[in-house]
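First comes the structure, then the notes that go with it.
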Amino acid sequence: MPDPYTDEEYDRHLTHPAWDRAESALLFELCRRFDLRWPVIHDRFPKGSTPRTMEQLKERYYDMCRGLLLARTATDPTQDFSEHPLAKFR
């Protein structure tokens, strides 16, 4: 399955100093595969050199979704991001 974002979108809107691209891609894949069931995603996410809490995984996923939504609606003036649930809740 292809990434839900392009290389340009990732480089311009989704980079984060504490997360590399491979971790971010894996997180998106696990979220897709396990339908946002966070205990399962947390269990399957590699512990590696930087163990992540479930809250960190959620924060990264929703921040990336919010960033993508902002970037994609910024180019379309007919879209109103302010009423979207990702804009209302943090």
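Chains: A, B, ... in order of the structure tokens. Residues: from 1 per chain. Ligands: from 1, in order shown.
Excluding region 52-67 of chain A and any residue on its chain fewer than 5 positions from it, the residues at most 8 Å away by only C-alpha atoms are His13, Leu14, Ser24, Leu27, Phe28, Trp38, Pro39, His42, Lys47, Leu86 and Ala87 of chain A.
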Mind dumping the selected residues with all heavy atoms as an mmCIF file, in the first residue's frame?
```cif
data_model
loop_
_atom_site.group_PDB
_atom_site.id
_atom_site.type_symbol
_atom_site.label_atom_id
_atom_site.label_comp_id
_atom_site.auth_asym_id
_atom_site.auth_seq_id
_atom_site.Cartn_x
_atom_site.Cartn_y
_atom_site.Cartn_z
ATOM 1 N N HIS A 13 5.659 19.320 5.560
ATOM 2 C CA HIS A 13 4.657 19.489 6.614
ATOM 3 C C HIS A 13 4.720 18.469 7.757
ATOM 4 O O HIS A 13 4.091 18.693 8.784
ATOM 5 C CB HIS A 13 3.249 19.415 6.012
ATOM 6 C CG HIS A 13 3.039 20.346 4.875
ATOM 7 N ND1 HIS A 13 2.938 21.715 5.033
ATOM 8 C CD2 HIS A 13 2.927 20.119 3.549
ATOM 9 C CE1 HIS A 13 2.763 22.285 3.861
ATOM 10 N NE2 HIS A 13 2.752 21.338 2.938
ATOM 11 N N LEU A 14 5.416 17.361 7.567
ATOM 12 C CA LEU A 14 5.290 16.273 8.537
ATOM 13 C C LEU A 14 6.569 15.910 9.278
ATOM 14 O O LEU A 14 6.549 15.023 10.125
ATOM 15 C CB LEU A 14 4.739 15.018 7.840
ATOM 16 C CG LEU A 14 3.420 15.209 7.085
ATOM 17 C CD1 LEU A 14 3.029 13.919 6.385
ATOM 18 C CD2 LEU A 14 2.328 15.665 8.016
ATOM 19 N N SER A 24 7.482 7.042 11.154
ATOM 20 C CA SER A 24 6.202 7.677 10.807
ATOM 21 C C SER A 24 5.416 6.815 9.825
ATOM 22 O O SER A 24 4.206 6.630 9.977
ATOM 23 C CB SER A 24 6.438 9.065 10.221
ATOM 24 O OG SER A 24 7.090 9.889 11.161
ATOM 25 N N LEU A 27 4.073 3.804 11.647
ATOM 26 C CA LEU A 27 2.931 4.185 12.472
ATOM 27 C C LEU A 27 1.668 4.285 11.626
ATOM 28 O O LEU A 27 0.617 3.751 12.001
ATOM 29 C CB LEU A 27 3.206 5.505 13.187
ATOM 30 C CG LEU A 27 2.076 6.055 14.045
ATOM 31 C CD1 LEU A 27 1.687 5.067 15.140
ATOM 32 C CD2 LEU A 27 2.479 7.393 14.634
ATOM 33 N N PHE A 28 1.745 4.939 10.465
ATOM 34 C CA PHE A 28 0.581 5.051 9.586
ATOM 35 C C PHE A 28 0.115 3.669 9.134
ATOM 36 O O PHE A 28 -1.085 3.397 9.082
ATOM 37 C CB PHE A 28 0.901 5.923 8.365
ATOM 38 C CG PHE A 28 0.314 7.294 8.456
ATOM 39 C CD1 PHE A 28 0.935 8.289 9.194
ATOM 40 C CD2 PHE A 28 -0.859 7.604 7.805
ATOM 41 C CE1 PHE A 28 0.397 9.551 9.283
ATOM 42 C CE2 PHE A 28 -1.417 8.868 7.875
ATOM 43 C CZ PHE A 28 -0.781 9.844 8.622
ATOM 44 N N TRP A 38 -5.428 1.436 19.538
ATOM 45 C CA TRP A 38 -4.153 1.890 20.078
ATOM 46 C C TRP A 38 -3.415 0.868 20.934
ATOM 47 O O TRP A 38 -2.185 0.783 20.838
ATOM 48 C CB TRP A 38 -4.343 3.224 20.796
ATOM 49 C CG TRP A 38 -4.675 4.288 19.813
ATOM 50 C CD1 TRP A 38 -5.891 4.869 19.606
ATOM 51 C CD2 TRP A 38 -3.807 4.836 18.827
ATOM 52 N NE1 TRP A 38 -5.818 5.760 18.561
ATOM 53 C CE2 TRP A 38 -4.546 5.763 18.058
ATOM 54 C CE3 TRP A 38 -2.462 4.640 18.504
ATOM 55 C CZ2 TRP A 38 -3.989 6.497 17.023
ATOM 56 C CZ3 TRP A 38 -1.914 5.369 17.466
ATOM 57 C CH2 TRP A 38 -2.664 6.279 16.741
ATOM 58 N N PRO A 39 -4.069 0.071 21.761
ATOM 59 C CA PRO A 39 -3.302 -0.942 22.503
ATOM 60 C C PRO A 39 -2.605 -1.935 21.571
ATOM 61 O O PRO A 39 -1.467 -2.340 21.821
ATOM 62 C CB PRO A 39 -4.360 -1.637 23.370
ATOM 63 C CG PRO A 39 -5.429 -0.606 23.545
ATOM 64 C CD PRO A 39 -5.461 0.142 22.238
ATOM 65 N N HIS A 42 0.317 -0.047 19.782
ATOM 66 C CA HIS A 42 1.422 0.131 20.729
ATOM 67 C C HIS A 42 2.169 -1.183 20.930
ATOM 68 O O HIS A 42 3.406 -1.205 20.992
ATOM 69 C CB HIS A 42 0.895 0.665 22.060
ATOM 70 C CG HIS A 42 1.973 0.912 23.052
ATOM 71 N ND1 HIS A 42 2.190 0.076 24.124
ATOM 72 C CD2 HIS A 42 2.910 1.899 23.133
ATOM 73 C CE1 HIS A 42 3.203 0.531 24.827
ATOM 74 N NE2 HIS A 42 3.659 1.631 24.256
ATOM 75 N N LYS A 47 10.001 -1.608 19.879
ATOM 76 C CA LYS A 47 10.480 -0.902 21.072
ATOM 77 C C LYS A 47 11.786 -0.185 20.784
ATOM 78 O O LYS A 47 11.999 0.907 21.238
ATOM 79 C CB LYS A 47 10.642 -1.871 22.249
ATOM 80 C CG LYS A 47 9.360 -2.610 22.598
ATOM 81 C CD LYS A 47 8.184 -1.689 22.785
ATOM 82 C CE LYS A 47 6.915 -2.447 23.067
ATOM 83 N NZ LYS A 47 5.776 -2.084 22.298
ATOM 84 N N LEU A 86 -10.450 17.376 13.620
ATOM 85 C CA LEU A 86 -9.030 17.483 13.940
ATOM 86 C C LEU A 86 -8.616 18.901 14.265
ATOM 87 O O LEU A 86 -7.644 19.110 14.977
ATOM 88 C CB LEU A 86 -8.184 16.960 12.765
ATOM 89 C CG LEU A 86 -8.107 15.447 12.617
ATOM 90 C CD1 LEU A 86 -7.358 15.081 11.354
ATOM 91 C CD2 LEU A 86 -7.469 14.806 13.823
ATOM 92 N N ALA A 87 -9.333 19.879 13.772
ATOM 93 C CA ALA A 87 -9.016 21.271 14.081
ATOM 94 C C ALA A 87 -9.596 21.669 15.428
ATOM 95 O O ALA A 87 -9.033 22.505 16.137
ATOM 96 C CB ALA A 87 -9.563 22.187 13.000
#
```
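Residues in contact range of Leu26 (chain A), defined as at most 12 Å between only C-alpha atoms, with sequence neighbours fewer than 3 positions away removed, read A:Met1, A:Pro2, A:Asp3, A:Pro4, A:Trp19, A:Asp20, A:Arg21, A:Ala22, A:Glu23, A:Glu29, A:Leu30, A:Cys31, A:Arg32, A:Arg33, A:Phe34, A:Ile41, A:His42, A:Arg44, A:Phe45, A:Pro46, A:Leu57, A:Arg60, A:Tyr61.
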* Any idea what the distance is between CA of Leu69 (chain A) and CA of Pro17 (chain A)? -> 20.4 Å
